Each structure stands twice: as structure tokens, then as C-alpha cells.
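Shown below: structure-v4.tsv, with TSV, C-alpha atoms.
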```
chain	number	residue	atom	x	y	z
Z	542	MET	CA	112.58	64.78	102.21
Z	543	THR	CA	112.50	63.51	105.81
Z	544	THR	CA	115.97	63.65	107.31
Z	545	ALA	CA	117.35	61.80	110.29
Z	546	ILE	CA	117.60	65.05	112.18
Z	547	GLU	CA	113.94	65.91	112.01
Z	548	ALA	CA	112.77	62.32	112.34
Z	549	GLY	CA	112.86	62.43	116.14
Z	550	SER	CA	110.20	64.90	117.09
Z	551	ALA	CA	108.50	65.15	113.68
Z	552	SER	CA	107.75	61.43	113.50
Z	553	GLU	CA	105.92	61.59	116.81
Z	554	ARG	CA	103.46	63.92	115.14
Z	555	GLU	CA	103.14	62.09	111.82
Z	556	LEU	CA	100.94	59.29	110.52
Z	557	VAL	CA	101.88	57.59	107.27
Z	558	LEU	CA	100.02	55.41	104.82
Z	559	THR	CA	101.83	54.03	101.79
Z	560	ARG	CA	101.02	51.43	99.15
Z	561	VAL	CA	101.53	50.57	95.53
Z	562	ILE	CA	98.53	51.17	93.29
Z	563	ASP	CA	98.31	49.38	89.96
Z	564	ALA	CA	97.77	52.44	87.80
Z	565	PRO	CA	99.96	55.22	86.44
Z	566	ARG	CA	100.43	58.13	88.79
Z	567	GLU	CA	98.59	60.54	86.48
Z	568	LYS	CA	95.39	58.66	87.28
Z	569	VAL	CA	95.99	58.54	91.02
Z	570	PHE	CA	96.75	62.26	91.04
Z	571	ARG	CA	93.56	62.89	89.04
Z	572	ALA	CA	91.51	60.96	91.59
Z	573	TRP	CA	92.68	63.51	94.18
Z	574	THR	CA	92.19	66.62	92.05
Z	575	ASP	CA	89.11	66.00	89.89
Z	576	PRO	CA	86.03	66.63	92.07
Z	577	ASP	CA	83.85	64.11	90.22
Z	578	LEU	CA	86.42	61.40	90.81
Z	579	LEU	CA	87.22	62.35	94.39
Z	580	LYS	CA	83.54	62.05	95.32
Z	581	GLN	CA	83.63	58.40	94.25
Z	582	TRP	CA	86.30	57.21	96.69
Z	583	PHE	CA	87.08	59.82	99.37
Z	584	ALA	CA	84.84	58.66	102.22
Z	585	PRO	CA	84.98	55.11	103.57
Z	586	LEU	CA	81.68	53.40	102.65
Z	587	PRO	CA	78.91	53.60	103.82
Z	588	TYR	CA	79.98	57.24	104.19
Z	589	THR	CA	79.67	59.26	101.00
Z	590	THR	CA	81.12	62.48	99.61
Z	591	PRO	CA	78.30	64.62	98.19
Z	592	VAL	CA	80.36	67.82	97.88
Z	593	ALA	CA	83.90	68.38	96.60
Z	594	GLU	CA	85.05	71.86	95.61
Z	595	LEU	CA	88.73	71.77	94.77
Z	596	ASP	CA	90.62	74.88	93.72
Z	597	VAL	CA	93.83	72.99	93.07
Z	598	ARG	CA	96.62	75.60	93.14
Z	599	PRO	CA	98.85	76.94	95.91
Z	600	GLY	CA	96.57	79.11	98.04
Z	601	GLY	CA	93.43	77.59	96.54
Z	602	ALA	CA	90.73	76.40	98.94
Z	603	ASN	CA	88.96	73.09	99.11
Z	604	LEU	CA	85.69	72.02	100.65
Z	605	ILE	CA	84.95	68.34	100.96
Z	606	VAL	CA	81.76	67.22	102.67
Z	607	MET	CA	81.45	63.67	103.95
Z	608	ARG	CA	77.96	62.37	104.72
Z	609	GLY	CA	77.38	59.67	107.30
Z	610	PRO	CA	74.87	56.85	106.94
Z	611	ASP	CA	72.71	58.78	109.44
Z	612	GLY	CA	72.62	61.72	107.02
Z	613	ASN	CA	74.92	63.93	109.08
Z	614	ASP	CA	77.32	66.07	107.05
Z	615	MET	CA	80.94	66.62	108.04
Z	616	PRO	CA	82.48	69.50	106.10
Z	617	ASN	CA	86.26	69.64	105.75
Z	618	ARG	CA	87.87	72.87	104.64
Z	619	GLY	CA	91.46	73.46	103.74
Z	620	VAL	CA	93.96	75.22	101.52
Z	621	TYR	CA	96.48	73.77	99.09
Z	622	LEU	CA	100.07	74.68	99.93
Z	623	GLU	CA	101.90	72.96	97.09
Z	624	VAL	CA	100.81	71.44	93.80
Z	625	LEU	CA	103.24	69.56	91.57
Z	626	GLU	CA	101.18	67.86	88.89
Z	627	ASN	CA	101.18	64.05	89.07
Z	628	GLU	CA	103.91	64.13	91.74
Z	629	ARG	CA	102.96	65.93	94.90
Z	630	LEU	CA	99.99	67.57	96.57
Z	631	VAL	CA	100.08	69.32	99.94
Z	632	PHE	CA	97.16	70.82	101.82
Z	633	THR	CA	96.27	71.83	105.37
Z	634	ASP	CA	93.21	72.55	107.47
Z	635	ALA	CA	95.10	75.36	109.26
Z	636	TYR	CA	93.39	77.78	106.84
Z	637	ILE	CA	89.88	77.83	105.46
Z	638	LYS	CA	91.01	80.04	102.59
Z	639	ALA	CA	94.12	82.05	101.73
Z	640	TRP	CA	95.00	83.14	104.40
Z	641	GLU	CA	92.28	82.95	106.98
Z	642	PRO	CA	93.25	80.81	109.98
Z	643	SER	CA	90.85	77.99	110.77
Z	644	GLN	CA	89.39	77.42	114.21
Z	645	LYS	CA	91.84	74.60	114.82
Z	646	PRO	CA	94.99	73.79	112.87
Z	647	PHE	CA	94.92	70.00	113.04
Z	648	MET	CA	96.90	68.53	110.16
Z	649	THR	CA	98.96	68.99	107.02
Z	650	VAL	CA	98.64	66.29	104.37
Z	651	ILE	CA	101.61	65.61	102.09
Z	652	LEU	CA	100.72	63.28	99.23
Z	653	THR	CA	103.38	61.89	96.93
Z	654	PHE	CA	102.83	59.92	93.74
Z	655	GLU	CA	105.96	58.08	92.58
Z	656	ASP	CA	106.29	56.03	89.44
Z	657	GLU	CA	107.27	52.40	90.05
Z	658	GLY	CA	107.45	50.79	86.65
Z	659	GLY	CA	104.07	52.04	85.52
Z	660	LYS	CA	102.46	51.54	88.93
Z	661	THR	CA	102.25	54.23	91.58
Z	662	ARG	CA	103.86	54.35	94.99
Z	663	TYR	CA	101.18	56.36	96.77
Z	664	THR	CA	102.18	57.85	100.13
Z	665	ALA	CA	100.15	60.04	102.44
Z	666	ARG	CA	102.07	61.71	105.26
Z	667	VAL	CA	99.74	63.38	107.72
Z	668	ARG	CA	101.53	65.76	110.06
Z	669	HIS	CA	99.98	67.25	113.17
Z	670	TRP	CA	100.99	70.21	115.32
Z	671	THR	CA	100.95	68.15	118.50
Z	672	ALA	CA	101.66	64.56	119.46
Z	673	ALA	CA	98.24	64.56	121.16
Z	674	ASP	CA	96.50	65.37	117.89
Z	675	ARG	CA	98.45	62.65	116.12
Z	676	GLU	CA	97.38	60.18	118.78
Z	677	ALA	CA	93.75	61.31	118.62
Z	678	HIS	CA	93.80	60.93	114.83
Z	679	GLU	CA	95.21	57.43	115.15
Z	680	LYS	CA	92.49	56.51	117.66
Z	681	MET	CA	89.83	57.95	115.34
Z	682	GLY	CA	90.87	55.12	113.04
Z	683	PHE	CA	93.41	56.75	110.74
Z	684	HIS	CA	95.02	53.54	109.52
Z	685	GLU	CA	91.79	51.67	108.89
Z	686	GLY	CA	89.97	54.69	107.45
Z	687	TRP	CA	92.71	55.93	105.13
Z	688	GLY	CA	93.48	52.32	104.24
Z	689	ARG	CA	89.90	51.62	103.15
Z	690	CYS	CA	89.81	54.86	101.20
Z	691	ALA	CA	93.06	53.89	99.49
Z	692	ASP	CA	91.40	50.60	98.49
Z	693	GLN	CA	88.46	52.54	97.06
Z	694	LEU	CA	90.87	54.87	95.27
Z	695	ALA	CA	92.77	51.89	93.80
Z	696	SER	CA	89.52	50.28	92.57
Z	697	LEU	CA	88.42	53.51	90.96
Z	698	VAL	CA	91.64	54.29	89.10
Z	699	ALA	CA	91.79	50.67	87.84
Z	700	LYS	CA	88.60	51.46	85.90
Z	701	LEU	CA	89.77	54.79	84.44
R	32	MET	CA	90.28	91.13	100.60
R	33	THR	CA	88.57	91.30	103.99
R	34	THR	CA	84.83	91.08	103.54
R	35	ALA	CA	82.07	92.10	105.89
R	36	ILE	CA	81.14	88.47	106.41
R	37	GLU	CA	84.52	87.37	107.70
R	38	ALA	CA	85.15	90.59	109.61
R	39	GLY	CA	83.29	89.34	112.65
R	40	SER	CA	85.32	86.47	113.93
R	41	ALA	CA	88.41	87.07	111.80
R	42	SER	CA	88.89	90.62	113.07
R	43	GLU	CA	88.93	89.40	116.65
R	44	ARG	CA	92.04	87.44	115.76
R	45	GLU	CA	93.78	90.09	113.66
R	46	LEU	CA	96.13	92.98	114.41
R	47	VAL	CA	96.73	95.59	111.73
R	48	LEU	CA	99.39	98.23	111.19
R	49	THR	CA	99.15	100.52	108.19
R	50	ARG	CA	100.96	103.66	107.10
R	51	VAL	CA	102.17	105.56	104.07
R	52	ILE	CA	105.92	105.38	103.48
R	53	ASP	CA	107.56	108.02	101.29
R	54	ALA	CA	109.28	105.64	98.89
R	55	PRO	CA	108.21	103.51	95.93
R	56	ARG	CA	106.89	100.11	96.86
R	57	GLU	CA	109.78	98.31	95.14
R	58	LYS	CA	112.06	99.64	97.86
R	59	VAL	CA	109.74	98.76	100.72
R	60	PHE	CA	109.34	95.26	99.33
R	61	ARG	CA	113.13	94.97	99.03
R	62	ALA	CA	113.56	95.96	102.66
R	63	TRP	CA	111.49	92.89	103.55
R	64	THR	CA	113.13	90.46	101.14
R	65	ASP	CA	116.84	91.43	100.98
R	66	PRO	CA	118.52	89.97	104.10
R	67	ASP	CA	121.15	92.74	104.29
R	68	LEU	CA	118.42	95.37	104.31
R	69	LEU	CA	116.09	93.52	106.67
R	70	LYS	CA	118.85	93.27	109.27
R	71	GLN	CA	119.01	97.07	109.36
R	72	TRP	CA	115.44	97.73	110.46
R	73	PHE	CA	113.67	94.55	111.57
R	74	ALA	CA	114.16	94.71	115.35
R	75	PRO	CA	113.15	97.73	117.41
R	76	LEU	CA	116.35	99.35	118.70
R	77	PRO	CA	118.24	98.63	120.93
R	78	TYR	CA	117.39	95.14	119.72
R	79	THR	CA	119.33	94.08	116.63
R	80	THR	CA	118.96	91.48	113.88
R	81	PRO	CA	122.25	89.61	113.43
R	82	VAL	CA	120.80	86.79	111.29
R	83	ALA	CA	118.36	86.90	108.39
R	84	GLU	CA	118.07	83.93	106.05
R	85	LEU	CA	115.24	84.52	103.62
R	86	ASP	CA	114.30	81.97	100.96
R	87	VAL	CA	111.66	84.20	99.42
R	88	ARG	CA	109.38	81.90	97.41
R	89	PRO	CA	106.21	79.98	98.28
R	90	GLY	CA	107.33	77.17	100.55
R	91	GLY	CA	110.69	78.82	101.23
R	92	ALA	CA	111.81	79.08	104.83
R	93	ASN	CA	113.05	82.07	106.76
R	94	LEU	CA	115.11	82.41	109.90
R	95	ILE	CA	115.36	85.80	111.55
R	96	VAL	CA	117.25	86.14	114.80
R	97	MET	CA	116.67	89.16	117.02
R	98	ARG	CA	119.26	89.94	119.67
R	99	GLY	CA	118.35	91.73	122.85
R	100	PRO	CA	120.52	94.35	124.56
R	101	ASP	CA	121.34	91.63	127.12
R	102	GLY	CA	122.79	89.48	124.32
R	103	ASN	CA	119.94	86.97	124.31
R	104	ASP	CA	118.96	85.69	120.89
R	105	MET	CA	115.36	85.17	119.83
R	106	PRO	CA	115.14	83.05	116.68
R	107	ASN	CA	112.02	83.32	114.52
R	108	ARG	CA	111.35	80.64	111.94
R	109	GLY	CA	108.68	80.59	109.32
R	110	VAL	CA	107.67	79.73	105.78
R	111	TYR	CA	106.52	81.98	102.95
R	112	LEU	CA	103.05	81.13	101.69
R	113	GLU	CA	102.68	83.71	98.93
R	114	VAL	CA	105.10	86.01	97.14
R	115	LEU	CA	103.89	88.61	94.65
R	116	GLU	CA	106.86	90.82	93.87
R	117	ASN	CA	106.50	94.41	95.08
R	118	GLU	CA	102.86	93.80	95.99
R	119	ARG	CA	102.32	91.14	98.56
R	120	LEU	CA	104.23	88.87	100.92
R	121	VAL	CA	102.65	86.26	103.20
R	122	PHE	CA	104.42	84.08	105.74
R	123	THR	CA	103.58	82.07	108.82
R	124	ASP	CA	105.30	80.56	111.84
R	125	ALA	CA	103.00	77.53	111.65
R	126	TYR	CA	105.81	75.75	109.78
R	127	ILE	CA	109.57	75.83	110.29
R	128	LYS	CA	110.11	74.60	106.74
R	129	ALA	CA	107.92	73.15	103.99
R	130	TRP	CA	105.98	71.40	105.47
R	131	GLU	CA	107.10	70.68	108.98
R	132	PRO	CA	104.66	71.96	111.61
R	133	SER	CA	106.19	74.27	114.20
R	134	GLN	CA	105.79	73.74	117.92
R	135	LYS	CA	103.14	76.45	118.04
R	136	PRO	CA	101.25	78.01	115.13
R	137	PHE	CA	100.95	81.58	116.37
R	138	MET	CA	100.51	83.94	113.44
R	139	THR	CA	100.23	84.52	109.71
R	140	VAL	CA	101.58	87.83	108.42
R	141	ILE	CA	100.02	89.34	105.30
R	142	LEU	CA	102.01	92.30	103.99
R	143	THR	CA	100.68	94.47	101.19
R	144	PHE	CA	102.55	97.20	99.34
R	145	GLU	CA	100.22	99.53	97.41
R	146	ASP	CA	101.29	102.37	95.20
R	147	GLU	CA	99.89	105.74	96.26
R	148	GLY	CA	101.24	108.26	93.77
R	149	GLY	CA	104.82	107.11	94.10
R	150	LYS	CA	104.56	106.54	97.84
R	151	THR	CA	103.68	103.22	99.42
R	152	ARG	CA	100.66	102.25	101.46
R	153	TYR	CA	102.28	99.64	103.66
R	154	THR	CA	99.91	97.36	105.56
R	155	ALA	CA	100.73	94.48	107.85
R	156	ARG	CA	97.83	92.22	108.81
R	157	VAL	CA	98.81	89.77	111.49
R	158	ARG	CA	96.29	86.95	111.92
R	159	HIS	CA	96.27	84.55	114.83
R	160	TRP	CA	94.59	81.20	115.31
R	161	THR	CA	92.94	82.29	118.54
R	162	ALA	CA	91.60	85.51	120.02
R	163	ALA	CA	93.77	84.77	123.08
R	164	ASP	CA	96.92	84.79	120.96
R	165	ARG	CA	95.87	88.03	119.30
R	166	GLU	CA	95.37	89.57	122.72
R	167	ALA	CA	98.69	88.26	124.00
R	168	HIS	CA	100.42	89.68	120.94
R	169	GLU	CA	98.81	93.04	121.50
R	170	LYS	CA	99.91	93.04	125.15
R	171	MET	CA	103.45	92.09	124.10
R	172	GLY	CA	103.44	95.51	122.47
R	173	PHE	CA	102.45	94.78	118.89
R	174	HIS	CA	101.38	98.31	118.01
R	175	GLU	CA	104.40	100.03	119.53
R	176	GLY	CA	106.88	97.41	118.37
R	177	TRP	CA	105.67	97.08	114.78
R	178	GLY	CA	105.19	100.86	114.68
R	179	ARG	CA	108.79	101.54	115.68
R	180	CYS	CA	110.03	98.98	113.20
R	181	ALA	CA	107.93	100.62	110.48
R	182	ASP	CA	109.63	103.92	111.37
R	183	GLN	CA	113.03	102.26	111.04
R	184	LEU	CA	111.93	100.70	107.75
R	185	ALA	CA	110.77	104.10	106.46
R	186	SER	CA	114.07	105.75	107.44
R	187	LEU	CA	116.06	103.03	105.68
R	188	VAL	CA	114.16	103.06	102.39
R	189	ALA	CA	114.38	106.88	102.29
R	190	LYS	CA	118.15	106.43	101.96
R	191	LEU	CA	118.07	103.72	99.26
```

Would you encode the structure as C-alpha cells?
Amino acid sequence: MTTAIEAGSASERELVLTRVIDAPREKVFRAWTDPDLLKQWFAPLPYTTPVAELDVRPGGANLIVMRGPDGNDMPNRGVYLEVLENERLVFTDAYIKAWEPSQKPFMTVILTFEDEGGKTRYTARVRHWTAADREAHEKMGFHEGWGRCADQLASLVAKL
Amino acid sequence: MTTAIEAGSASERELVLTRVIDAPREKVFRAWTDPDLLKQWFAPLPYTTPVAELDVRPGGANLIVMRGPDGNDMPNRGVYLEVLENERLVFTDAYIKAWEPSQKPFMTVILTFEDEGGKTRYTARVRHWTAADREAHEKMGFHEGWGRCADQLASLVAKL
């Protein structure tokens, strides 16, 4: 998907997390698209995810609320751009519904779920509109945060 | 589609052009989706449109080049978000292809084609991420420019 030509400027605005999860990709995809499952792993503990409304189709909106240990809620709204069952899921916070621009287009998340002999190569590419936003996201703890959530996701799907 | 609730802040970021075109909506839709037709009306004369590459499907990219009377080319890149044949076409310049963020997410264009007794109610809603961008677009001559192009579009489809 990513070509050498675009790698230059695009990679400056992208953060990537990838790992192999010991579960078939159907389960990993489900953990992202079934609200009851997503609530169990989405926020890095001790944060929780009390609300997940997921209209999983191109143009469908999502609302995911993370709750901090202090009780503060952080709502995240977005719209799905592409849905390929068990293979690929793309969404962005540039819209809060189809097609109402958000206050701040920050990122586009491209998730891929690839079969690797019954396990899943799970890759999250997070693309930003500016290099500054990418850097801010990294400093907010992208790698640690998404990494811990991926651990939680892996633990959950192992039990499914 | 637009509700009273969202009208407040959303309308501050939106520009709208609407008119009735004396042709069935299939033809008006075609004028937007057939490259050979689009080239004939898209730029307000004496500007021309030498290039139109239109991959009309959700996630498909478009490239439309306008050429000024001085010979300067202005390329416009975008991605289609929603395609409902003869009814609705949505695209944005927030991406240059699926799903590579553009340098500057400026607008989302929502075109609707409604049947009115064999004629077409043609409406273009152009939504911006900021009120400042909406204002800049208006000062660039949105109403006159899109209005003249709509005239050219109407003349073309009358001959189809």
C-alpha cells in the first residue's frame, strides 16, 4: 500500500504499531467492531471505556468514551471510511458524522489484520495531517499507550 | 440532512449553492462523473479544465486540473467519500488518495441531485473545517465562481 514515492513526506506524519497476535484475525477484527468487546480492551488500564457506539460501515459514526481514574470522560468521535471484514478497518476523527467536519482533523487510523498461519499480523497506521500533530501524538505516549492496549486486546482475544 | 441542532456551528462553516437545472438528474450526475463531460464545464471561462481523472467510487481519487488564461495550472486532488448514483456525490480534499492526508484539509463537497418533475434540484454544500476557511472561500468568489460553473453545467446538460 505504502510506496517508496509517498514514503518521504507521508512517513513523517505517520505512527505505526505492529505485532503478531496469537488468535485468528476474525477475532481481532471483532474486538475492534463489537462494542462489548471493544470496551474491554480499548483504554489502557486504569483508564476504562464505558461507552462504545460503533456504526461499522463506510460513513458510519463511532463514539468511544474513555474514562480516567479521576472520573473524567474523554469522548472520541469519528467516522469509518473503509470496512473490509476481518481484513481492514479505516476511520478518522476529521468528521463527527457523515459528513460533518470535526473541530480538528487530527488523525486517520488504518488497521490491517493479516493472517500469518492462524495468527494475526495486526498493524495500526496512524496518519496525521501535520508533522507537528504526529510529534504531539508521539509525545502523548502513542507507542506505550497503543502498545499496552494491543496487549489488552491480545489477552482478550486469547479468551474468545 | 441538516438539522436545527447542527445548523448553528456547522452553518458557519458551510457555503451552499442550489438551483433547478432543466434536465433529468441522470444527466447532471453524469456531468460530474464523466471526465469528458466534466472538462467542458468545470472551470469558469476563460479558465479551462485540461485534466480530469475521476475514480468515482468510495475511496477513489480524483485529479482535476484547471488552467488559467495565463497558462498556469491549478491541480485539485481529492477522494470520493460517498457515491449514490444519480442522487448524491461526496468528496473531500482532506486526502489525496485513500487514505493519505493532504497538506491541508480545506473542504468537503456534498452534491445532491433531486428530481423535481423531470428537472433537477442541484445543490452543492461545501463544508470547511474552520469558519476562517469558509470565509476565505467566500472571498475567493465562491458564489460567483460556482454559480458561473453551474450555468456552464446547465448549458452542457441541455445539449446531452

task = Rank Z:Ala673, Z:Leu595, Z:Ala551, Z:Val620 by their smallest atom-to-atom distance to Thr574 of chain Z, using only C-alpha atoms, and report the top residue only.
result =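 Among the listed residues, Z:Leu595 lies closest to Thr574 of chain Z.
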
query = What's the 9 Å shell around Arg108 of chain R, counting only C-alpha atoms, without same-chain residues fewer than 4 positions away, as a list in words?
reply = Ala92, Asn93, Leu94, Ile95, Val96, Thr123, Asp124, Ala125, Tyr126, Ile127, Lys128 and Ser133 of chain R

Each chain R residue no farther than 12 Å from chain Z, nearest pair in Å, all atoms listed in the file, as a Markdown table:
```
| residue | atom | partner | partner_atom | distance |
| --- | --- | --- | --- | --- |
| R:Met32 | CA | Z:Ala639 | CA | 9.9 |
| R:Thr33 | CA | Z:Glu641 | CA | 9.6 |
| R:Thr34 | CA | Z:Glu641 | CA | 11.6 |
| R:Glu37 | CA | Z:Glu641 | CA | 9.0 |
| R:Ala38 | CA | Z:Glu641 | CA | 10.8 |
| R:Ser40 | CA | Z:Gln644 | CA | 9.9 |
| R:Ala41 | CA | Z:Glu641 | CA | 7.4 |
| R:Ser42 | CA | Z:Glu641 | CA | 10.4 |
| R:Glu43 | CA | Z:Pro642 | CA | 11.7 |
| R:Arg44 | CA | Z:Pro642 | CA | 8.9 |
| R:Glu45 | CA | Z:Glu641 | CA | 9.9 |
| R:Arg88 | CA | Z:Glu623 | CA | 11.7 |
| R:Pro89 | CA | Z:Leu622 | CA | 8.3 |
| R:Gly90 | CA | Z:Glu623 | CA | 7.7 |
| R:Gly91 | CA | Z:Glu623 | CA | 11.3 |
| R:Val110 | CA | Z:Leu622 | CA | 10.8 |
| R:Tyr111 | CA | Z:Leu622 | CA | 10.2 |
| R:Leu112 | CA | Z:Leu622 | CA | 7.3 |
| R:Glu113 | CA | Z:Gly600 | CA | 7.7 |
| R:Val114 | CA | Z:Gly600 | CA | 11.0 |
| R:Leu120 | CA | Z:Trp640 | CA | 11.4 |
| R:Val121 | CA | Z:Trp640 | CA | 8.3 |
| R:Phe122 | CA | Z:Trp640 | CA | 9.6 |
| R:Thr123 | CA | Z:Trp640 | CA | 9.7 |
| R:Asp124 | CA | Z:Ala635 | CA | 11.7 |
| R:Ala125 | CA | Z:Trp670 | CA | 8.4 |
| R:Tyr126 | CA | Z:Trp670 | CA | 9.2 |
| R:Ile127 | CA | Z:Glu547 | CA | 11.0 |
| R:Lys128 | CA | Z:Glu547 | CA | 10.9 |
| R:Ala129 | CA | Z:Leu622 | CA | 9.0 |
| R:Trp130 | CA | Z:Thr649 | CA | 7.6 |
| R:Glu131 | CA | Z:Ala551 | CA | 7.4 |
| R:Pro132 | CA | Z:Trp670 | CA | 5.5 |
| R:Ser133 | CA | Z:Trp670 | CA | 6.7 |
| R:Gln134 | CA | Z:Trp670 | CA | 6.5 |
| R:Lys135 | CA | Z:Trp670 | CA | 7.1 |
| R:Pro136 | CA | Z:Trp670 | CA | 7.8 |
| R:Phe137 | CA | Z:Pro642 | CA | 10.0 |
| R:Met138 | CA | Z:Pro642 | CA | 8.6 |
| R:Thr139 | CA | Z:Trp640 | CA | 7.6 |
| R:Val140 | CA | Z:Trp640 | CA | 9.0 |
| R:Ile141 | CA | Z:Trp640 | CA | 8.0 |
| R:Leu142 | CA | Z:Trp640 | CA | 11.5 |
| R:Arg156 | CA | Z:Trp640 | CA | 10.5 |
| R:Val157 | CA | Z:Trp640 | CA | 10.4 |
| R:Arg158 | CA | Z:Pro642 | CA | 7.1 |
| R:His159 | CA | Z:Pro642 | CA | 6.8 |
| R:Trp160 | CA | Z:Pro642 | CA | 5.5 |
| R:Thr161 | CA | Z:Gln644 | CA | 7.4 |
| R:Ala162 | CA | Z:Gln644 | CA | 10.2 |
```

Any chance you can output those residues with C-alpha atoms as a PDB file, keeping the file's coordinate frame?
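Written file, part_25.pdb:
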```pdb
ATOM      1  CA  MET R  32      90.280  91.130 100.600  1.00  0.00           C
ATOM      2  CA  THR R  33      88.570  91.300 103.990  1.00  0.00           C
ATOM      3  CA  THR R  34      84.830  91.080 103.540  1.00  0.00           C
ATOM      4  CA  GLU R  37      84.520  87.370 107.700  1.00  0.00           C
ATOM      5  CA  ALA R  38      85.150  90.590 109.610  1.00  0.00           C
ATOM      6  CA  SER R  40      85.320  86.470 113.930  1.00  0.00           C
ATOM      7  CA  ALA R  41      88.410  87.070 111.800  1.00  0.00           C
ATOM      8  CA  SER R  42      88.890  90.620 113.070  1.00  0.00           C
ATOM      9  CA  GLU R  43      88.930  89.400 116.650  1.00  0.00           C
ATOM     10  CA  ARG R  44      92.040  87.440 115.760  1.00  0.00           C
ATOM     11  CA  GLU R  45      93.780  90.090 113.660  1.00  0.00           C
ATOM     12  CA  ARG R  88     109.380  81.900  97.410  1.00  0.00           C
ATOM     13  CA  PRO R  89     106.210  79.980  98.280  1.00  0.00           C
ATOM     14  CA  GLY R  90     107.330  77.170 100.550  1.00  0.00           C
ATOM     15  CA  GLY R  91     110.690  78.820 101.230  1.00  0.00           C
ATOM     16  CA  VAL R 110     107.670  79.730 105.780  1.00  0.00           C
ATOM     17  CA  TYR R 111     106.520  81.980 102.950  1.00  0.00           C
ATOM     18  CA  LEU R 112     103.050  81.130 101.690  1.00  0.00           C
ATOM     19  CA  GLU R 113     102.680  83.710  98.930  1.00  0.00           C
ATOM     20  CA  VAL R 114     105.100  86.010  97.140  1.00  0.00           C
ATOM     21  CA  LEU R 120     104.230  88.870 100.920  1.00  0.00           C
ATOM     22  CA  VAL R 121     102.650  86.260 103.200  1.00  0.00           C
ATOM     23  CA  PHE R 122     104.420  84.080 105.740  1.00  0.00           C
ATOM     24  CA  THR R 123     103.580  82.070 108.820  1.00  0.00           C
ATOM     25  CA  ASP R 124     105.300  80.560 111.840  1.00  0.00           C
ATOM     26  CA  ALA R 125     103.000  77.530 111.650  1.00  0.00           C
ATOM     27  CA  TYR R 126     105.810  75.750 109.780  1.00  0.00           C
ATOM     28  CA  ILE R 127     109.570  75.830 110.290  1.00  0.00           C
ATOM     29  CA  LYS R 128     110.110  74.600 106.740  1.00  0.00           C
ATOM     30  CA  ALA R 129     107.920  73.150 103.990  1.00  0.00           C
ATOM     31  CA  TRP R 130     105.980  71.400 105.470  1.00  0.00           C
ATOM     32  CA  GLU R 131     107.100  70.680 108.980  1.00  0.00           C
ATOM     33  CA  PRO R 132     104.660  71.960 111.610  1.00  0.00           C
ATOM     34  CA  SER R 133     106.190  74.270 114.200  1.00  0.00           C
ATOM     35  CA  GLN R 134     105.790  73.740 117.920  1.00  0.00           C
ATOM     36  CA  LYS R 135     103.140  76.450 118.040  1.00  0.00           C
ATOM     37  CA  PRO R 136     101.250  78.010 115.130  1.00  0.00           C
ATOM     38  CA  PHE R 137     100.950  81.580 116.370  1.00  0.00           C
ATOM     39  CA  MET R 138     100.510  83.940 113.440  1.00  0.00           C
ATOM     40  CA  THR R 139     100.230  84.520 109.710  1.00  0.00           C
ATOM     41  CA  VAL R 140     101.580  87.830 108.420  1.00  0.00           C
ATOM     42  CA  ILE R 141     100.020  89.340 105.300  1.00  0.00           C
ATOM     43  CA  LEU R 142     102.010  92.300 103.990  1.00  0.00           C
ATOM     44  CA  ARG R 156      97.830  92.220 108.810  1.00  0.00           C
ATOM     45  CA  VAL R 157      98.810  89.770 111.490  1.00  0.00           C
ATOM     46  CA  ARG R 158      96.290  86.950 111.920  1.00  0.00           C
ATOM     47  CA  HIS R 159      96.270  84.550 114.830  1.00  0.00           C
ATOM     48  CA  TRP R 160      94.590  81.200 115.310  1.00  0.00           C
ATOM     49  CA  THR R 161      92.940  82.290 118.540  1.00  0.00           C
ATOM     50  CA  ALA R 162      91.600  85.510 120.020  1.00  0.00           C
TER      51      ALA R 162
END
```

task = Might you pull out every residue within 9 Å of Gln183 of chain R, with only C-alpha atoms counted and same-chain residues fewer than 5 positions away left off, and present them as a PyMOL selection string?
result = chain R and resi 71-76+178+188

If the box runs along x, y and z of the file and leaves 3 Å on each side of segment 173-189 of chain R, what are its centre and edge lengths in Å, one decimal, as JSON?
```
{"center_x": 108.7, "center_y": 100.8, "center_z": 110.9, "size_x": 20.7, "size_y": 18.1, "size_z": 23.2}
```

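You can rank R:Asp164, R:Ala155, R:Glu175, R:Ala181 by their closest distance to Val47 of chain R using all atoms listed in the file, and at the top of that list sits R:Ala155.
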
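Omitting Thr154 of chain R and its sequence neighbours fewer than 5 positions away, and counting all atoms listed in the file, the residues within 7 Å are Leu48, Thr49, Arg50, Leu142, Thr143 and Phe144 of chain R.
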
request  = State, in Å with one decimal place, the distance from atom CA of Arg662 of chain Z to atom CA of Leu694 of chain Z.
outcome  = 13.0 Å

message = If we count all atoms listed in the file and set the cut-off at 10 Å, which residues sit around Leu701 of chain Z, ignoring sequence neighbours fewer than 3 positions away in its own chain? Please answer as a count of residues only.
response = 8

ask   = Which is closest to Glu657 of chain Z among Z:Arg566, Z:Arg608, Z:Arg689, Z:Lys680, if we use only C-alpha atoms?
value =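 Checking each of Z:Arg566, Z:Arg608, Z:Arg689, Z:Lys680 against Glu657 of chain Z, counting only C-alpha atoms, the winner is Z:Arg566.
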
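Here atom CA of Trp177 of chain R is placed at a distance of 17.0 Å from atom CA of Pro106 of chain R.
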
query = Between atom CA of Glu57 of chain R and atom CA of Asp146 of chain R, what is the distance, to one decimal in Å?
reply = 9.4 Å

ask   = Which one of Z:Cys690, Z:Met607, Z:Val597, Z:Met615 sits closest to Arg571 of chain Z if you count all atoms listed in the file?
value =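 Among the listed residues, Z:Val597 lies closest to Arg571 of chain Z.
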
query = Looking at Z:Thr590, Z:Leu556, Z:Trp573, Z:Ile562, which one is nearest to Ala699 of chain Z, with distances taken over all atoms listed in the file?
reply =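 Answer, going by the shortest atom-to-atom distance: Z:Ile562.
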